[in-house]
>>> print(open('entry-v2.pdb').read())   # PDB, C-alpha atoms, pLDDT in the B column
ATOM      1  CA  MET A   1      -7.423 -23.298   4.834  1.00 42.00           C
ATOM      2  CA  SER A   2      -9.238 -25.755   7.135  1.00 45.00           C
ATOM      3  CA  TYR A   3      -7.745 -26.699  10.478  1.00 50.00           C
ATOM      4  CA  ILE A   4      -5.788 -29.987  10.655  1.00 59.00           C
ATOM      5  CA  HIS A   5      -5.878 -31.839  13.985  1.00 68.00           C
ATOM      6  CA  LEU A   6      -2.336 -32.859  14.895  1.00 80.00           C
ATOM      7  CA  THR A   7      -1.622 -36.277  16.358  1.00 82.00           C
ATOM      8  CA  ILE A   8       0.309 -36.668  19.599  1.00 81.00           C
ATOM      9  CA  GLU A   9       3.272 -37.879  17.513  1.00 83.00           C
ATOM     10  CA  LYS A  10       3.373 -34.678  15.458  1.00 85.00           C
ATOM     11  CA  CYS A  11       2.875 -32.585  18.587  1.00 86.00           C
ATOM     12  CA  SER A  12       5.870 -34.324  20.121  1.00 87.00           C
ATOM     13  CA  GLN A  13       7.907 -33.605  17.002  1.00 89.00           C
ATOM     14  CA  ILE A  14       6.921 -29.934  17.178  1.00 89.00           C
ATOM     15  CA  GLU A  15       7.994 -29.804  20.827  1.00 88.00           C
ATOM     16  CA  VAL A  16      11.419 -31.322  20.100  1.00 89.00           C
ATOM     17  CA  LEU A  17      12.081 -29.251  16.977  1.00 90.00           C
ATOM     18  CA  THR A  18      10.996 -26.054  18.737  1.00 89.00           C
ATOM     19  CA  LYS A  19      13.438 -26.710  21.592  1.00 89.00           C
ATOM     20  CA  GLU A  20      16.151 -27.260  18.983  1.00 89.00           C
ATOM     21  CA  GLY A  21      15.509 -23.743  17.680  1.00 89.00           C
ATOM     22  CA  HIS A  22      13.994 -24.546  14.281  1.00 90.00           C
ATOM     23  CA  SER A  23      11.712 -21.971  12.641  1.00 91.00           C
ATOM     24  CA  THR A  24       7.990 -22.522  12.128  1.00 90.00           C
ATOM     25  CA  ARG A  25       8.417 -23.080   8.384  1.00 92.00           C
ATOM     26  CA  LYS A  26      11.312 -25.511   8.938  1.00 91.00           C
ATOM     27  CA  ILE A  27       9.263 -27.529  11.425  1.00 91.00           C
ATOM     28  CA  ALA A  28       6.318 -27.589   9.017  1.00 90.00           C
ATOM     29  CA  ALA A  29       8.547 -28.883   6.213  1.00 91.00           C
ATOM     30  CA  LEU A  30      10.025 -31.611   8.429  1.00 90.00           C
ATOM     31  CA  ILE A  31       6.689 -32.950   9.697  1.00 90.00           C
ATOM     32  CA  LYS A  32       4.926 -32.326   6.356  1.00 89.00           C
ATOM     33  CA  VAL A  33       2.141 -29.945   7.380  1.00 89.00           C
ATOM     34  CA  HIS A  34       1.379 -26.339   6.435  1.00 89.00           C
ATOM     35  CA  HIS A  35       3.407 -23.746   8.334  1.00 88.00           C
ATOM     36  CA  SER A  36       0.219 -22.002   9.505  1.00 88.00           C
ATOM     37  CA  THR A  37      -0.826 -25.237  11.239  1.00 87.00           C
ATOM     38  CA  VAL A  38       2.421 -25.263  13.212  1.00 89.00           C
ATOM     39  CA  ALA A  39       2.155 -21.554  14.039  1.00 88.00           C
ATOM     40  CA  ARG A  40      -1.432 -21.989  15.213  1.00 86.00           C
ATOM     41  CA  GLU A  41      -0.458 -24.964  17.359  1.00 86.00           C
ATOM     42  CA  LEU A  42       2.412 -23.068  19.015  1.00 88.00           C
ATOM     43  CA  ASN A  43       0.175 -20.040  19.676  1.00 85.00           C
ATOM     44  CA  ARG A  44      -2.455 -22.336  21.182  1.00 81.00           C
ATOM     45  CA  ILE A  45      -0.176 -23.210  24.111  1.00 80.00           C
ATOM     46  CA  PRO A  46       1.071 -20.161  26.067  1.00 73.00           C
ATOM     47  CA  GLY A  47       4.697 -20.289  27.191  1.00 77.00           C
ATOM     48  CA  ASN A  48       6.959 -23.224  26.353  1.00 85.00           C
ATOM     49  CA  TYR A  49       5.180 -25.657  24.042  1.00 87.00           C
ATOM     50  CA  SER A  50       4.449 -29.083  25.489  1.00 86.00           C
ATOM     51  CA  ALA A  51       2.943 -31.995  23.568  1.00 84.00           C
ATOM     52  CA  ILE A  52       1.498 -33.464  26.782  1.00 85.00           C
ATOM     53  CA  LYS A  53      -0.146 -30.153  27.661  1.00 83.00           C
ATOM     54  CA  ALA A  54      -1.464 -29.827  24.110  1.00 82.00           C
ATOM     55  CA  GLN A  55      -3.035 -33.288  24.304  1.00 80.00           C
ATOM     56  CA  ALA A  56      -4.570 -32.538  27.703  1.00 79.00           C
ATOM     57  CA  ILE A  57      -6.113 -29.348  26.342  1.00 76.00           C
ATOM     58  CA  ALA A  58      -7.422 -31.235  23.293  1.00 73.00           C
ATOM     59  CA  ASN A  59      -9.055 -33.840  25.563  1.00 71.00           C
ATOM     60  CA  HIS A  60     -10.548 -31.095  27.704  1.00 66.00           C
ATOM     61  CA  LYS A  61     -11.995 -29.359  24.646  1.00 64.00           C
ATOM     62  CA  SER A  62     -13.548 -32.564  23.347  1.00 62.00           C
ATOM     63  CA  SER A  63     -15.622 -32.846  26.514  1.00 55.00           C
ATOM     64  CA  TYR A  64     -17.468 -29.644  25.500  1.00 51.00           C
ATOM     65  CA  LYS A  65     -18.430 -30.841  22.023  1.00 54.00           C
ATOM     66  CA  GLY A  66     -22.150 -30.902  21.360  1.00 50.00           C
ATOM     67  CA  SER A  67     -23.127 -29.175  24.589  1.00 50.00           C
ATOM     68  CA  PRO A  68     -24.412 -25.582  24.615  1.00 51.00           C
ATOM     69  CA  LEU A  69     -22.468 -23.140  26.767  1.00 56.00           C
ATOM     70  CA  LYS A  70     -24.037 -20.436  28.918  1.00 73.00           C
ATOM     71  CA  LEU A  71     -22.196 -17.578  30.554  1.00 79.00           C
ATOM     72  CA  THR A  72     -21.788 -18.207  34.263  1.00 83.00           C
ATOM     73  CA  ILE A  73     -20.002 -16.190  36.933  1.00 84.00           C
ATOM     74  CA  LYS A  74     -17.264 -18.817  37.065  1.00 85.00           C
ATOM     75  CA  LEU A  75     -16.800 -18.783  33.296  1.00 85.00           C
ATOM     76  CA  ALA A  76     -16.851 -14.975  33.151  1.00 85.00           C
ATOM     77  CA  ASN A  77     -14.180 -14.748  35.859  1.00 87.00           C
ATOM     78  CA  HIS A  78     -12.064 -17.362  34.103  1.00 87.00           C
ATOM     79  CA  ILE A  79     -12.232 -15.566  30.729  1.00 87.00           C
ATOM     80  CA  LEU A  80     -11.522 -12.202  32.346  1.00 87.00           C
ATOM     81  CA  THR A  81      -8.506 -13.643  34.172  1.00 87.00           C
ATOM     82  CA  LEU A  82      -7.066 -14.983  30.913  1.00 87.00           C
ATOM     83  CA  LEU A  83      -7.707 -11.685  29.147  1.00 86.00           C
ATOM     84  CA  LYS A  84      -5.795  -9.847  31.879  1.00 85.00           C
ATOM     85  CA  GLN A  85      -2.953 -12.343  31.348  1.00 84.00           C
ATOM     86  CA  HIS A  86      -2.821 -11.116  27.737  1.00 83.00           C
ATOM     87  CA  TRP A  87      -4.633 -14.047  26.175  1.00 85.00           C
ATOM     88  CA  SER A  88      -6.641 -13.083  23.119  1.00 84.00           C
ATOM     89  CA  PRO A  89     -10.275 -14.267  22.737  1.00 85.00           C
ATOM     90  CA  GLU A  90      -9.066 -16.397  19.822  1.00 84.00           C
ATOM     91  CA  GLN A  91      -6.520 -18.153  22.066  1.00 83.00           C
ATOM     92  CA  ILE A  92      -9.060 -18.680  24.842  1.00 84.00           C
ATOM     93  CA  VAL A  93     -11.522 -20.354  22.500  1.00 83.00           C
ATOM     94  CA  GLY A  94      -8.821 -22.347  20.710  1.00 79.00           C
ATOM     95  CA  ALA A  95      -7.295 -23.671  23.922  1.00 76.00           C
ATOM     96  CA  GLU A  96     -10.318 -24.274  26.124  1.00 72.00           C
ATOM     97  CA  LEU A  97     -13.700 -23.491  24.591  1.00 75.00           C
ATOM     98  CA  SER A  98     -13.510 -24.868  21.065  1.00 66.00           C
ATOM     99  CA  GLN A  99     -16.802 -26.225  19.700  1.00 64.00           C
ATOM    100  CA  SER A 100     -18.627 -24.411  22.515  1.00 73.00           C
ATOM    101  CA  ILE A 101     -18.511 -20.735  21.588  1.00 78.00           C
ATOM    102  CA  CYS A 102     -17.019 -18.523  18.927  1.00 80.00           C
ATOM    103  CA  PHE A 103     -14.286 -16.040  19.845  1.00 83.00           C
ATOM    104  CA  LYS A 104     -16.643 -13.306  18.628  1.00 84.00           C
ATOM    105  CA  THR A 105     -18.949 -14.251  21.496  1.00 85.00           C
ATOM    106  CA  ILE A 106     -16.222 -13.271  23.974  1.00 86.00           C
ATOM    107  CA  TYR A 107     -15.837  -9.913  22.218  1.00 86.00           C
ATOM    108  CA  THR A 108     -19.611  -9.425  22.425  1.00 84.00           C
ATOM    109  CA  TRP A 109     -19.716 -10.313  26.127  1.00 85.00           C
ATOM    110  CA  LEU A 110     -16.812  -7.942  26.732  1.00 84.00           C
ATOM    111  CA  HIS A 111     -18.375  -5.031  24.834  1.00 83.00           C
ATOM    112  CA  LYS A 112     -21.656  -5.535  26.716  1.00 80.00           C
ATOM    113  CA  GLY A 113     -19.883  -5.544  30.077  1.00 80.00           C
ATOM    114  CA  LEU A 114     -20.963  -9.090  30.901  1.00 81.00           C
ATOM    115  CA  LEU A 115     -17.463 -10.234  31.907  1.00 84.00           C
ATOM    116  CA  GLY A 116     -16.877  -7.566  34.539  1.00 79.00           C
ATOM    117  CA  GLY A 117     -14.241  -5.789  32.432  1.00 76.00           C
ATOM    118  CA  ASP A 118     -13.979  -3.638  29.328  1.00 74.00           C
ATOM    119  CA  GLU A 119     -11.951  -3.348  26.109  1.00 77.00           C
ATOM    120  CA  THR A 120      -8.824  -2.295  28.042  1.00 77.00           C
ATOM    121  CA  CYS A 121      -8.388  -5.986  28.919  1.00 77.00           C
ATOM    122  CA  LEU A 122      -7.711  -6.803  25.281  1.00 80.00           C
ATOM    123  CA  ARG A 123      -4.112  -7.371  24.266  1.00 70.00           C
ATOM    124  CA  ARG A 124      -4.788  -5.513  21.047  1.00 67.00           C
ATOM    125  CA  LYS A 125      -7.051  -2.560  21.598  1.00 56.00           C
ATOM    126  CA  GLY A 126      -9.602  -2.643  18.783  1.00 53.00           C
ATOM    127  CA  ARG A 127     -12.691  -0.635  18.014  1.00 50.00           C
ATOM    128  CA  GLY A 128     -15.890  -1.486  19.765  1.00 51.00           C
ATOM    129  CA  PRO A 129     -18.952  -2.487  17.769  1.00 51.00           C
ATOM    130  CA  LYS A 130     -20.440   0.263  15.612  1.00 50.00           C
ATOM    131  CA  THR A 131     -17.822   2.812  16.600  1.00 46.00           C
ATOM    132  CA  LEU A 132     -18.791   6.260  15.381  1.00 47.00           C
ATOM    133  CA  GLU A 133     -16.374   8.309  13.292  1.00 47.00           C
ATOM    134  CA  LYS A 134     -15.137  11.118  15.531  1.00 47.00           C
ATOM    135  CA  ARG A 135     -12.575  12.728  13.248  1.00 48.00           C
ATOM    136  CA  GLY A 136     -13.260  15.924  11.342  1.00 48.00           C
ATOM    137  CA  LYS A 137     -15.293  15.618   8.151  1.00 52.00           C
ATOM    138  CA  PHE A 138     -15.408  17.788   5.037  1.00 51.00           C
ATOM    139  CA  THR A 139     -18.883  18.636   3.770  1.00 54.00           C
ATOM    140  CA  VAL A 140     -17.744  20.542   0.687  1.00 54.00           C
ATOM    141  CA  GLY A 141     -19.554  19.359  -2.448  1.00 56.00           C
ATOM    142  CA  ARG A 142     -21.047  15.900  -2.804  1.00 59.00           C
ATOM    143  CA  SER A 143     -19.995  12.710  -1.104  1.00 63.00           C
ATOM    144  CA  ILE A 144     -18.608   9.820  -3.142  1.00 63.00           C
ATOM    145  CA  GLN A 145     -21.868   7.908  -2.672  1.00 63.00           C
ATOM    146  CA  GLU A 146     -23.762  10.702  -4.479  1.00 70.00           C
ATOM    147  CA  ARG A 147     -21.303  10.945  -7.365  1.00 68.00           C
ATOM    148  CA  PRO A 148     -23.019  10.868 -10.821  1.00 74.00           C
ATOM    149  CA  VAL A 149     -22.167   8.108 -13.281  1.00 73.00           C
ATOM    150  CA  HIS A 150     -20.412  10.405 -15.785  1.00 71.00           C
ATOM    151  CA  ILE A 151     -18.049  11.571 -13.016  1.00 75.00           C
ATOM    152  CA  ARG A 152     -17.438   8.045 -11.859  1.00 72.00           C
ATOM    153  CA  ASN A 153     -16.412   7.089 -15.408  1.00 76.00           C
ATOM    154  CA  ARG A 154     -13.720   9.821 -15.463  1.00 76.00           C
ATOM    155  CA  HIS A 155     -14.897  11.299 -18.776  1.00 78.00           C
ATOM    156  CA  GLU A 156     -14.777  14.989 -17.768  1.00 82.00           C
ATOM    157  CA  PHE A 157     -11.990  17.174 -16.472  1.00 85.00           C
ATOM    158  CA  GLY A 158     -12.479  19.243 -13.326  1.00 84.00           C
ATOM    159  CA  HIS A 159     -13.873  16.747 -10.823  1.00 83.00           C
ATOM    160  CA  TRP A 160     -11.770  16.484  -7.663  1.00 81.00           C
ATOM    161  CA  GLU A 161     -11.637  14.098  -4.716  1.00 79.00           C
ATOM    162  CA  LEU A 162     -10.602  15.507  -1.323  1.00 76.00           C
ATOM    163  CA  ASP A 163      -9.257  13.520   1.591  1.00 77.00           C
ATOM    164  CA  THR A 164      -6.845  13.815   4.527  1.00 74.00           C
ATOM    165  CA  VAL A 165      -3.916  11.727   5.732  1.00 73.00           C
ATOM    166  CA  VAL A 166      -3.227  11.711   9.472  1.00 70.00           C
ATOM    167  CA  SER A 167      -0.506   9.878  11.370  1.00 61.00           C
ATOM    168  CA  SER A 168      -1.750   7.517  14.068  1.00 57.00           C
ATOM    169  CA  ARG A 169       1.266   8.275  16.274  1.00 55.00           C
ATOM    170  CA  GLY A 170       1.861  11.164  18.611  1.00 53.00           C
ATOM    171  CA  LYS A 171      -0.480  13.936  19.672  1.00 59.00           C
ATOM    172  CA  SER A 172      -0.036  16.169  16.644  1.00 60.00           C
ATOM    173  CA  LYS A 173      -3.237  17.164  14.837  1.00 65.00           C
ATOM    174  CA  ALA A 174      -1.368  18.193  11.692  1.00 69.00           C
ATOM    175  CA  CYS A 175      -2.160  16.295   8.523  1.00 76.00           C
ATOM    176  CA  LEU A 176      -2.008  16.399   4.745  1.00 77.00           C
ATOM    177  CA  GLY A 177      -4.926  17.423   2.578  1.00 78.00           C
ATOM    178  CA  THR A 178      -4.952  15.356  -0.620  1.00 81.00           C
ATOM    179  CA  PHE A 179      -6.575  16.541  -3.860  1.00 81.00           C
ATOM    180  CA  VAL A 180      -6.961  14.272  -6.897  1.00 84.00           C
ATOM    181  CA  GLU A 181      -8.386  15.276 -10.297  1.00 85.00           C
ATOM    182  CA  ARG A 182     -10.270  12.199 -11.459  1.00 81.00           C
ATOM    183  CA  LYS A 183      -9.659  12.290 -15.218  1.00 80.00           C
ATOM    184  CA  THR A 184      -5.968  13.235 -15.340  1.00 86.00           C
ATOM    185  CA  ARG A 185      -5.107  11.574 -11.992  1.00 81.00           C
ATOM    186  CA  PHE A 186      -3.289  14.807 -11.060  1.00 85.00           C
ATOM    187  CA  TYR A 187      -2.414  14.569  -7.354  1.00 81.00           C
ATOM    188  CA  ALA A 188      -1.537  17.267  -4.832  1.00 82.00           C
ATOM    189  CA  ALA A 189      -0.818  16.975  -1.100  1.00 80.00           C
ATOM    190  CA  ILE A 190      -0.915  20.152   1.008  1.00 81.00           C
ATOM    191  CA  PRO A 191       0.123  20.402   4.713  1.00 81.00           C
ATOM    192  CA  MET A 192      -2.706  21.365   7.076  1.00 79.00           C
ATOM    193  CA  LYS A 193      -2.611  22.211  10.785  1.00 75.00           C
ATOM    194  CA  ASP A 194      -5.710  20.103  11.533  1.00 72.00           C
ATOM    195  CA  ARG A 195      -8.701  18.374   9.912  1.00 67.00           C
ATOM    196  CA  THR A 196     -11.077  21.333   9.737  1.00 70.00           C
ATOM    197  CA  GLN A 197     -12.638  22.982   6.709  1.00 65.00           C
ATOM    198  CA  GLU A 198     -11.048  26.277   7.713  1.00 70.00           C
ATOM    199  CA  SER A 199      -7.582  24.705   7.531  1.00 68.00           C
ATOM    200  CA  MET A 200      -8.441  23.167   4.180  1.00 66.00           C
ATOM    201  CA  PHE A 201      -9.482  26.521   2.692  1.00 68.00           C
ATOM    202  CA  GLN A 202      -6.311  28.144   4.046  1.00 70.00           C
ATOM    203  CA  ALA A 203      -4.208  25.388   2.490  1.00 65.00           C
ATOM    204  CA  ILE A 204      -5.867  25.893  -0.911  1.00 65.00           C
ATOM    205  CA  LYS A 205      -5.218  29.646  -0.792  1.00 64.00           C
TER     206      LYS A 205
END
>>> encode(input="entry-v2.pdb", output="structure tokens")
Amino acid sequence: MSYIHLTIEKCSQIEVLTKEGHSTRKIAALIKVHHSTVARELNRIPGNYSAIKAQAIANHKSSYKGSPLKLTIKLANHILTLLKQHWSPEQIVGAELSQSICFKTIYTWLHKGLLGGDETCLRRKGRGPKTLEKRGKFTVGRSIQERPVHIRNRHEFGHWELDTVVSSRGKSKACLGTFVERKTRFYAAIPMKDRTQESMFQAIK
């Protein structure tokens, strides 16, 4: 869905209805816009929403339209300060740098160390670009990419898929080894102490 620019009148209505405690969907229904437009507008202004502040930010953004933006020390410090205040790159671009850079550019600058900080500044800690898989891998048999067509079509019995399920919480390395027979869809899950081939063989025995 494309972004709809809200008028100062609708921004004022959002401010009043928000202070009255109405939900995002209720506000959207009352002012006749999509609820995602209201949610995006409220997220664009940190803290208590203000129509005057929203308009000032919109005017500030319009001054950047059509002009290329280069990373300067002042800009880098400003972005880094907002990141440390738990702004997301999407919020920074939406509130101040729209039409100048893409939020992905901020991620790129951050990953390359051009802002003077690292990924720990992000409110949501995501993977860096081209993150390598560091978990244990099974090398028993063929990978899915090398699977022959007749196996892919599930015409023969006896072809199994192996995988593991690991919780993302806690420090436990324990997991479940999952085994699926492709033709019958027979499924088995076996507890394993970790993601090693040795543990897998012990689980099968």
>>> resolve_selection(input="entry-v2.pdb", expression="the PyMOL selection byres ((chain A and resi 49) around 12)", output="tab-separated table (two decimals) with C-alpha atoms, in the frame of the given file")
chain	number	residue	atom	x	y	z
A	11	CYS	CA	2.88	-32.58	18.59
A	12	SER	CA	5.87	-34.32	20.12
A	13	GLN	CA	7.91	-33.60	17.00
A	14	ILE	CA	6.92	-29.93	17.18
A	15	GLU	CA	7.99	-29.80	20.83
A	16	VAL	CA	11.42	-31.32	20.10
A	17	LEU	CA	12.08	-29.25	16.98
A	18	THR	CA	11.00	-26.05	18.74
A	19	LYS	CA	13.44	-26.71	21.59
A	38	VAL	CA	2.42	-25.26	13.21
A	39	ALA	CA	2.15	-21.55	14.04
A	40	ARG	CA	-1.43	-21.99	15.21
A	41	GLU	CA	-0.46	-24.96	17.36
A	42	LEU	CA	2.41	-23.07	19.02
A	43	ASN	CA	0.18	-20.04	19.68
A	44	ARG	CA	-2.46	-22.34	21.18
A	45	ILE	CA	-0.18	-23.21	24.11
A	46	PRO	CA	1.07	-20.16	26.07
A	47	GLY	CA	4.70	-20.29	27.19
A	48	ASN	CA	6.96	-23.22	26.35
A	50	SER	CA	4.45	-29.08	25.49
A	51	ALA	CA	2.94	-32.00	23.57
A	52	ILE	CA	1.50	-33.46	26.78
A	53	LYS	CA	-0.15	-30.15	27.66
A	54	ALA	CA	-1.46	-29.83	24.11
A	55	GLN	CA	-3.04	-33.29	24.30
>>> atom_distance(input="entry-v2.pdb", atom1="atom CA of Leu82 of chain A", atom2="atom CA of Ala95 of chain A")
11.2 Å
>>> residues_around(input="entry-v2.pdb", residues="His35 of chain A", least_positions_apart="5", cutoff="8 Å", atoms="all atoms listed in the file", output="number ranges by chain")
A: 24-25, 27-29
>>> resolve_selection(input="entry-v2.pdb", expression="the PyMOL selection byres ((chain A and resi 151-155) around 10)", output="PyMOL selection string")
chain A and resi 144+147-150+156-160+181-185
>>> write_last_selection(input="entry-v2.pdb", atoms="C-alpha atoms", output="PDB file, keeping the file's coordinate frame")
ATOM      1  CA  ILE A 144     -18.608   9.820  -3.142  1.00 63.00           C
ATOM      2  CA  ARG A 147     -21.303  10.945  -7.365  1.00 68.00           C
ATOM      3  CA  PRO A 148     -23.019  10.868 -10.821  1.00 74.00           C
ATOM      4  CA  VAL A 149     -22.167   8.108 -13.281  1.00 73.00           C
ATOM      5  CA  HIS A 150     -20.412  10.405 -15.785  1.00 71.00           C
ATOM      6  CA  GLU A 156     -14.777  14.989 -17.768  1.00 82.00           C
ATOM      7  CA  PHE A 157     -11.990  17.174 -16.472  1.00 85.00           C
ATOM      8  CA  GLY A 158     -12.479  19.243 -13.326  1.00 84.00           C
ATOM      9  CA  HIS A 159     -13.873  16.747 -10.823  1.00 83.00           C
ATOM     10  CA  TRP A 160     -11.770  16.484  -7.663  1.00 81.00           C
ATOM     11  CA  GLU A 181      -8.386  15.276 -10.297  1.00 85.00           C
ATOM     12  CA  ARG A 182     -10.270  12.199 -11.459  1.00 81.00           C
ATOM     13  CA  LYS A 183      -9.659  12.290 -15.218  1.00 80.00           C
ATOM     14  CA  THR A 184      -5.968  13.235 -15.340  1.00 86.00           C
ATOM     15  CA  ARG A 185      -5.107  11.574 -11.992  1.00 81.00           C
TER      16      ARG A 185
END
>>> resolve_selection(input="entry-v2.pdb", expression="the PyMOL selection byres ((chain A and resi 83) around 10)", output="list in words")
Asn77, His78, Ile79, Leu80, Thr81, Leu82, Lys84, Gln85, His86, Trp87, Ser88, Pro89, Gln91, Ile92, Gly117, Glu119, Thr120, Cys121, Leu122 and Arg123 of chain A
>>> closest_residue(input="entry-v2.pdb", among="A:Glu161, A:Phe103, A:Ile8, A:Val166", to="Ala188 of chain A", atoms="only C-alpha atoms")
A:Glu161
>>> closest_residue(input="entry-v2.pdb", among="A:Lys26, A:His34, A:Gly116, A:Cys102", to="Thr72 of chain A", atoms="all atoms listed in the file")
A:Gly116
>>> atom_distance(input="entry-v2.pdb", atom1="atom CA of Glu146 of chain A", atom2="atom CA of Val180 of chain A")
17.3 Å
>>> atom_distance(input="entry-v2.pdb", atom1="atom CA of Ile106 of chain A", atom2="atom CA of Leu71 of chain A")
9.9 Å
